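What follows is the content of entry.cif (mmCIF, C-alpha atoms and all ligand atoms).
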```
data_my_file
#
loop_
_atom_site.label_atom_id
_atom_site.label_comp_id
_atom_site.auth_asym_id
_atom_site.auth_seq_id
_atom_site.Cartn_x
_atom_site.Cartn_y
_atom_site.Cartn_z
CA MET A 1 -15.30 -14.07 -8.61
CA VAL A 2 -13.02 -11.19 -9.50
CA PRO A 3 -14.61 -7.87 -8.59
CA ASN A 4 -14.41 -4.88 -10.89
CA LEU A 5 -12.51 -2.09 -9.23
CA LYS A 6 -12.66 1.62 -9.78
CA ILE A 7 -9.44 3.49 -9.07
CA SER A 8 -9.72 7.24 -8.49
CA PHE A 9 -6.71 9.52 -8.24
CA LEU A 10 -7.40 11.73 -5.22
CA GLY A 11 -4.06 13.47 -5.61
CA SER A 12 -1.12 13.24 -8.02
CA GLY A 13 1.31 15.81 -6.64
CA THR A 14 4.59 15.59 -4.79
CA SER A 15 5.00 16.58 -1.13
CA SER A 16 4.60 20.33 -1.72
CA GLY A 17 1.60 19.92 -4.03
CA VAL A 18 1.13 21.84 -7.28
CA PRO A 19 0.87 24.81 -7.18
CA MET A 20 3.49 25.12 -4.47
CA ILE A 21 3.01 27.90 -1.91
CA ALA A 22 4.64 31.17 -3.01
CA CYS A 23 6.03 29.76 -6.27
CA PRO A 24 6.03 32.19 -9.20
CA CYS A 25 6.67 29.53 -11.92
CA ALA A 26 4.50 28.99 -15.01
CA VAL A 27 3.35 25.52 -13.90
CA CYS A 28 2.21 26.82 -10.52
CA HIS A 29 0.28 29.56 -12.35
CA SER A 30 -1.15 27.33 -15.10
CA ALA A 31 -4.89 27.66 -15.75
CA ASP A 32 -5.10 23.95 -16.71
CA LYS A 33 -6.97 21.95 -14.05
CA LYS A 34 -4.58 19.07 -14.67
CA ASP A 35 -1.79 21.23 -13.26
CA LYS A 36 -3.55 21.39 -9.87
CA ARG A 37 -2.23 18.44 -7.93
CA LEU A 38 -3.07 17.57 -4.33
CA ARG A 39 -0.71 15.21 -2.53
CA SER A 40 -0.61 11.62 -3.89
CA SER A 41 -3.35 9.19 -2.91
CA ILE A 42 -5.83 6.85 -4.58
CA LEU A 43 -9.25 5.46 -3.75
CA VAL A 44 -9.85 1.79 -4.60
CA GLU A 45 -13.51 0.75 -4.79
CA SER A 46 -15.38 -2.47 -5.43
CA ALA A 47 -19.17 -2.71 -5.30
CA THR A 48 -18.93 -3.33 -1.55
CA THR A 49 -15.55 -2.09 -0.30
CA ARG A 50 -13.67 1.21 -0.33
CA ILE A 51 -10.01 1.64 0.55
CA VAL A 52 -7.84 4.73 0.49
CA VAL A 53 -4.08 4.46 -0.01
CA ASP A 54 -2.37 7.05 2.25
CA THR A 55 -3.93 9.98 4.12
CA THR A 56 -2.24 13.08 2.76
CA PRO A 57 -2.29 16.60 4.25
CA ASP A 58 -5.16 17.13 1.75
CA PHE A 59 -7.13 14.08 2.96
CA ARG A 60 -10.17 16.00 4.25
CA TYR A 61 -10.62 17.92 1.02
CA GLN A 62 -9.92 14.79 -1.04
CA MET A 63 -12.75 12.94 0.74
CA LEU A 64 -15.12 15.88 0.22
CA ARG A 65 -14.13 16.43 -3.41
CA ALA A 66 -14.60 12.74 -4.31
CA ASN A 67 -17.83 12.47 -2.28
CA VAL A 68 -16.52 9.61 -0.15
CA ASN A 69 -19.22 9.03 2.45
CA ARG A 70 -18.03 5.63 3.60
CA LEU A 71 -14.53 4.22 3.97
CA ASP A 72 -13.65 0.65 4.97
CA ALA A 73 -9.88 0.90 5.45
CA VAL A 74 -6.71 2.90 5.03
CA LEU A 75 -3.52 1.39 3.57
CA PHE A 76 -0.20 3.12 4.13
CA THR A 77 2.78 3.03 1.78
CA HIS A 78 5.33 4.65 4.12
CA PRO A 79 5.49 7.15 6.97
CA HIS A 80 6.62 10.35 5.20
CA LYS A 81 4.51 13.32 6.22
CA ASP A 82 2.92 13.87 2.80
CA HIS A 83 1.45 10.34 3.06
CA ILE A 84 0.22 10.28 6.68
CA ALA A 85 -0.50 13.88 7.78
CA GLY A 86 -4.27 13.71 7.18
CA LEU A 87 -4.91 10.66 9.36
CA ASP A 88 -6.59 12.70 12.12
CA ASP A 89 -9.51 13.43 9.78
CA ILE A 90 -10.64 9.79 9.61
CA ARG A 91 -12.50 10.62 12.83
CA ALA A 92 -15.40 11.92 10.74
CA PHE A 93 -15.92 8.33 9.55
CA ASN A 94 -15.67 7.13 13.18
CA PHE A 95 -18.50 9.48 14.15
CA PHE A 96 -20.86 8.01 11.57
CA THR A 97 -19.98 4.33 11.94
CA GLY A 98 -19.23 4.23 15.66
CA ASN A 99 -16.32 1.91 14.81
CA PRO A 100 -12.56 2.39 14.72
CA MET A 101 -11.02 2.75 11.24
CA PRO A 102 -8.99 -0.30 10.17
CA VAL A 103 -5.53 0.94 9.20
CA PHE A 104 -3.02 -1.36 7.47
CA ALA A 105 0.69 -0.50 7.61
CA ASN A 106 4.05 -2.14 8.09
CA GLU A 107 5.75 -1.93 11.50
CA MET A 108 7.97 1.00 10.55
CA THR A 109 4.98 3.08 9.50
CA GLN A 110 2.97 2.06 12.58
CA GLU A 111 5.76 3.30 14.86
CA VAL A 112 5.69 6.72 13.21
CA ILE A 113 1.89 6.88 13.31
CA ILE A 114 1.90 6.18 17.05
CA ARG A 115 4.59 8.81 17.56
CA GLU A 116 2.91 11.46 15.39
CA PHE A 117 -0.64 10.88 16.63
CA PRO A 118 0.04 9.84 20.27
CA TYR A 119 -3.32 11.14 21.53
CA ALA A 120 -5.10 8.48 19.44
CA PHE A 121 -3.28 5.65 21.23
CA THR A 122 -3.36 6.55 24.93
CA ASP A 123 -5.49 4.50 27.35
CA PHE A 124 -7.66 7.47 28.25
CA ARG A 125 -8.49 9.39 25.11
CA TYR A 126 -10.04 12.81 24.77
CA PRO A 127 -13.52 12.35 23.29
CA GLY A 128 -13.54 12.90 19.54
CA VAL A 129 -9.97 11.87 18.77
CA PRO A 130 -9.57 9.45 15.84
CA GLU A 131 -10.26 5.80 16.63
CA ILE A 132 -7.68 3.71 14.80
CA GLN A 133 -7.38 -0.06 14.64
CA LEU A 134 -3.85 -0.97 13.52
CA ASN A 135 -3.18 -4.03 11.38
CA THR A 136 0.30 -5.16 10.40
CA ILE A 137 1.10 -5.75 6.75
CA ALA A 138 3.46 -8.67 6.27
CA MET A 139 4.42 -9.38 2.69
CA ASP A 140 1.63 -11.92 2.14
CA PRO A 141 -1.49 -11.02 0.15
CA PHE A 142 -4.55 -10.27 2.29
CA MET A 143 -8.21 -9.39 1.86
CA ILE A 144 -10.04 -6.21 2.80
CA GLY A 145 -13.72 -6.97 2.17
CA ASP A 146 -13.77 -8.48 -1.32
CA ILE A 147 -10.59 -6.68 -2.44
CA ARG A 148 -7.39 -8.70 -2.57
CA VAL A 149 -4.28 -6.70 -1.69
CA MET A 150 -0.81 -7.87 -2.65
CA PRO A 151 2.02 -5.84 -1.07
CA VAL A 152 5.08 -5.10 -3.20
CA GLN A 153 8.20 -3.71 -1.55
CA VAL A 154 10.14 -1.00 -3.34
CA TRP A 155 12.99 1.32 -2.31
CA HIS A 156 12.76 5.06 -1.57
CA MET A 157 16.51 5.60 -1.30
CA LYS A 158 17.11 3.51 1.85
CA MET A 159 13.53 3.32 3.05
CA PRO A 160 11.42 0.28 2.21
CA VAL A 161 8.09 1.52 0.82
CA LEU A 162 5.02 -0.59 0.10
CA GLY A 163 3.36 -0.62 -3.26
CA PHE A 164 0.10 -2.50 -3.67
CA ARG A 165 -1.23 -4.71 -6.42
CA PHE A 166 -5.02 -5.00 -6.72
CA GLY A 167 -5.81 -7.51 -9.49
CA ASP A 168 -4.35 -6.18 -12.73
CA PHE A 169 -3.53 -2.78 -11.24
CA THR A 170 -0.33 -1.95 -9.30
CA TYR A 171 0.21 1.31 -7.40
CA ILE A 172 3.72 2.46 -6.55
CA THR A 173 4.56 5.88 -5.20
CA ASP A 174 7.84 7.11 -3.70
CA ALA A 175 10.37 4.71 -5.21
CA ASN A 176 13.65 4.99 -7.00
CA ARG A 177 14.55 1.29 -7.16
CA ILE A 178 12.73 -2.05 -7.40
CA ASP A 179 14.33 -5.42 -6.67
CA GLU A 180 14.02 -8.22 -9.25
CA THR A 181 11.91 -10.41 -6.92
CA GLU A 182 9.40 -7.60 -6.44
CA LYS A 183 9.31 -6.85 -10.18
CA GLU A 184 7.97 -10.37 -10.62
CA LYS A 185 4.93 -9.41 -8.52
CA ILE A 186 4.25 -6.42 -10.76
CA ARG A 187 4.67 -8.21 -14.10
CA GLY A 188 1.37 -9.14 -15.72
CA SER A 189 -0.34 -6.01 -14.43
CA ARG A 190 -2.35 -4.23 -17.09
CA PHE A 191 -2.02 -0.89 -15.29
CA LEU A 192 0.99 0.36 -13.35
CA VAL A 193 1.27 3.59 -11.41
CA LEU A 194 4.79 4.86 -10.74
CA ASN A 195 6.14 8.06 -9.27
CA ALA A 196 7.81 10.43 -11.74
CA LEU A 197 8.94 13.50 -9.82
CA ARG A 198 10.59 15.72 -12.41
CA ILE A 199 12.98 15.76 -15.37
CA LYS A 200 16.20 16.06 -13.34
CA LYS A 201 17.51 13.11 -11.35
CA HIS A 202 16.52 12.85 -7.68
CA ILE A 203 18.02 10.94 -4.78
CA SER A 204 14.86 9.05 -3.72
CA HIS A 205 12.35 9.32 -6.59
CA PHE A 206 12.26 8.12 -10.18
CA ASN A 207 12.60 10.99 -12.60
CA LEU A 208 10.56 10.96 -15.80
CA GLU A 209 13.10 9.03 -17.86
CA GLU A 210 13.61 6.39 -15.13
CA ALA A 211 9.85 5.95 -14.75
CA VAL A 212 9.40 5.49 -18.51
CA ASP A 213 12.25 2.94 -18.59
CA MET A 214 10.83 1.06 -15.60
CA ALA A 215 7.31 0.93 -17.06
CA MET A 216 8.60 -0.30 -20.42
CA GLY A 217 11.00 -2.78 -18.84
CA LEU A 218 8.11 -4.26 -16.86
CA GLY A 219 6.09 -4.60 -20.06
CA VAL A 220 2.87 -3.07 -18.72
CA PRO A 221 0.45 -1.91 -21.41
CA GLU A 222 -0.68 1.21 -19.52
CA ALA A 223 1.44 3.25 -17.11
CA TYR A 224 0.31 6.31 -15.15
CA PHE A 225 2.77 8.61 -13.41
CA THR A 226 2.05 10.34 -10.11
CA HIS A 227 3.80 12.23 -7.25
CA ILE A 228 4.55 14.96 -9.77
CA SER A 229 6.46 18.15 -8.96
CA HIS A 230 5.95 21.56 -10.57
CA GLN A 231 9.48 20.97 -11.88
CA LEU A 232 8.18 18.28 -14.27
CA GLY A 233 6.48 20.93 -16.42
CA LYS A 234 2.92 21.51 -17.58
CA HIS A 235 0.73 18.42 -17.87
CA ALA A 236 -0.27 18.97 -21.50
CA GLU A 237 3.27 19.68 -22.70
CA VAL A 238 4.86 16.71 -20.90
CA GLN A 239 2.05 14.32 -21.89
CA ALA A 240 2.47 15.23 -25.57
CA GLU A 241 6.07 13.93 -25.53
CA LEU A 242 5.36 10.57 -23.85
CA PRO A 243 5.37 7.23 -25.71
CA PRO A 244 2.05 5.42 -26.36
CA GLY A 245 0.61 3.77 -23.23
CA ILE A 246 2.42 6.16 -20.88
CA HIS A 247 0.32 8.83 -19.22
CA LEU A 248 0.65 11.45 -16.56
CA ALA A 249 -2.03 10.92 -13.92
CA PHE A 250 -4.07 13.92 -12.80
CA ASP A 251 -6.41 14.60 -9.92
CA GLY A 252 -9.85 13.16 -10.62
CA LEU A 253 -8.62 10.55 -13.13
CA GLU A 254 -10.61 7.31 -12.81
CA ILE A 255 -9.73 3.95 -14.28
CA LEU A 256 -11.64 0.66 -14.21
CA VAL A 257 -9.65 -2.49 -13.56
CA ASP A 258 -10.21 -6.19 -12.85
CA GLY A 259 -9.65 -6.88 -9.15
ZN ZN B 301 5.75 11.28 -1.04
ZN ZN B 302 8.30 9.71 0.63
#
```
What would you get if you wrote out this structure as structure tokens?
Amino acid sequence: MVPNLKISFLGSGTSSGVPMIACPCAVCHSADKKDKRLRSSILVESATTRIVVDTTPDFRYQMLRANVNRLDAVLFTHPHKDHIAGLDDIRAFNFFTGNPMPVFANEMTQEVIIREFPYAFTDFRYPGVPEIQLNTIAMDPFMIGDIRVMPVQVWHMKMPVLGFRFGDFTYITDANRIDETEKEKIRGSRFLVLNALRIKKHISHFNLEEAVDMAMGLGVPEAYFTHISHQLGKHAEVQAELPPGIHLAFDGLEILVDG
């Protein structure tokens, strides 16, 4: 049976977040809640299983804000700091379950995690450090509880980044190129999340125009853009110009999908 999944956007901002520290711009000073963007992450929930994609520097607050009192696993897209920095805070879940947190990542990301959080991987660990159980993502689909996860590999300039398809929903952050073979895995999704950093071109992220073209080229009925910079503009103004079916994501947005 296909479970119904609830997707919650825990954060929709680029690496600096919106507002950005010390920035005087109009977007960073907007009163609109939709212009307040923590770093990009989603929560994927079935009736029995809860997964977070990436642990941002805002992870602790994201868990508190979304009332997440149980977490079954963490999936990582890639090892950039804005996607892994909050990993230490999974220890709160360790305290309550008494079990290590299952973490799923490719080998490249695991190497960085071990380097950045070395105290969590030594033989003799200080009491209270995060307990992490590493699992390697190959490119085959796998199950976490009753949620089926299909990895999709995309390109972040020269870095391979993992996107994930859950049923009719595909989540891609931090990409500027997608190979034809991987596009095939995305096609047929009803919902697609893509990164759309800003209006101007960028070396490792889709800009708004490229994200719109990619979403339309893939023929998905509903696209949501994330990993948004203050340079994209105000949510309401940018959203008003977008074609039907194309939306800017915002923190707190929830969508229901078939898993
Ligand atoms: Zn990022
Ligand atoms: Zn990145």
Selected residue of minimal separation from ligand ZN 301 (chain B) among A:Tyr224, A:Phe206, A:Phe191, A:Phe96, counting only C-alpha atoms and all ligand atoms: A:Phe206
Spatial neighbours of Pro151 of chain A, 9 Å, all atoms listed in the file, chain gap at least 5 places, as a PyMOL selection string: chain A and resi 137-142+162-165+185
For His78 of chain A, the nearest of the candidates A:Tyr126, A:Trp155, A:Tyr61, A:Phe117, counting only C-alpha atoms: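 Using only C-alpha atoms, the shortest distance to His78 of chain A belongs to A:Trp155.
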Neighbours of point (16.0, 9.8, -4.8) within 6 Å, using only C-alpha atoms, written as a PyMOL selection string: chain A and resi 157+176+202-205
Give me, as CSV, each residue of chain A that comes within 8 Å of ligand ZN 301 (chain B), together with its shortest interatomic pair and the distance in Å at one decimal, counting only C-alpha atoms and all ligand atoms, with rows ordered by chain and rising residue number.
```
residue,atom,partner,partner_atom,distance
A:Thr14,CA,B:ZN301,ZN,5.8
A:Ser15,CA,B:ZN301,ZN,5.4
A:Arg39,CA,B:ZN301,ZN,7.7
A:Ser40,CA,B:ZN301,ZN,7.0
A:His80,CA,B:ZN301,ZN,6.4
A:Lys81,CA,B:ZN301,ZN,7.6
A:Asp82,CA,B:ZN301,ZN,5.4
A:His83,CA,B:ZN301,ZN,6.0
A:Thr173,CA,B:ZN301,ZN,6.9
A:Asp174,CA,B:ZN301,ZN,5.4
A:His227,CA,B:ZN301,ZN,6.6
```
Interatomic distance, atom CA of His29 of chain A to atom CA of Ser229 of chain A (Å, one decimal):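 Pair atom CA of His29 of chain A / atom CA of Ser229 of chain A returns 13.4 Å.
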Nearest-residue call for Glu180 of chain A, choices A:Gly86, A:Val154, A:Pro221, A:Arg60, using all atoms listed in the file: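 Distance minimum relative to Glu180 of chain A lands on A:Val154.
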12 Å contact set for Glu210 of chain A, all atoms listed in the file, chain neighbours under 5 positions out, as an MDAnalysis selection string: chainID A and resid 175:178 194:202 204:205 215:217 225
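Among the candidate residues A:His156, A:His230, A:His235, A:His247, the one lying nearest to ligand ZN 302 (chain B) is A:His156, with distances computed using only C-alpha atoms and all ligand atoms.
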Interatomic distance (Å, one decimal) between atom CA of Glu107 of chain A and atom CA of Asn135 of chain A: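 About the pair atom CA of Glu107 of chain A and atom CA of Asn135 of chain A: they are 9.2 Å apart.
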Exercise: Gln110 of chain A partners within 12 Å, all atoms listed in the file, chain neighbours under 5 positions left out, as a ChimeraX atom specification: /A:75-80,84,103-105,115-118,121,132-137
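For the set A:Ile7, A:Ala66, A:Ser30, A:Lys158, the residue with the smallest atom-to-atom gap to ligand ZN 302 (chain B) is A:Lys158, counting only C-alpha atoms and all ligand atoms.
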Within-6 Å shell of (-0.4, 5.0, -4.3) in input frame, only C-alpha atoms, as number ranges by chain: A: 41-42, 53, 171-173
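Proximity to Ile228 of chain A was assessed for A:Leu43, A:Val193, A:Val18, A:Ala120 counting only C-alpha atoms; the smallest distance is recorded for A:Val18.
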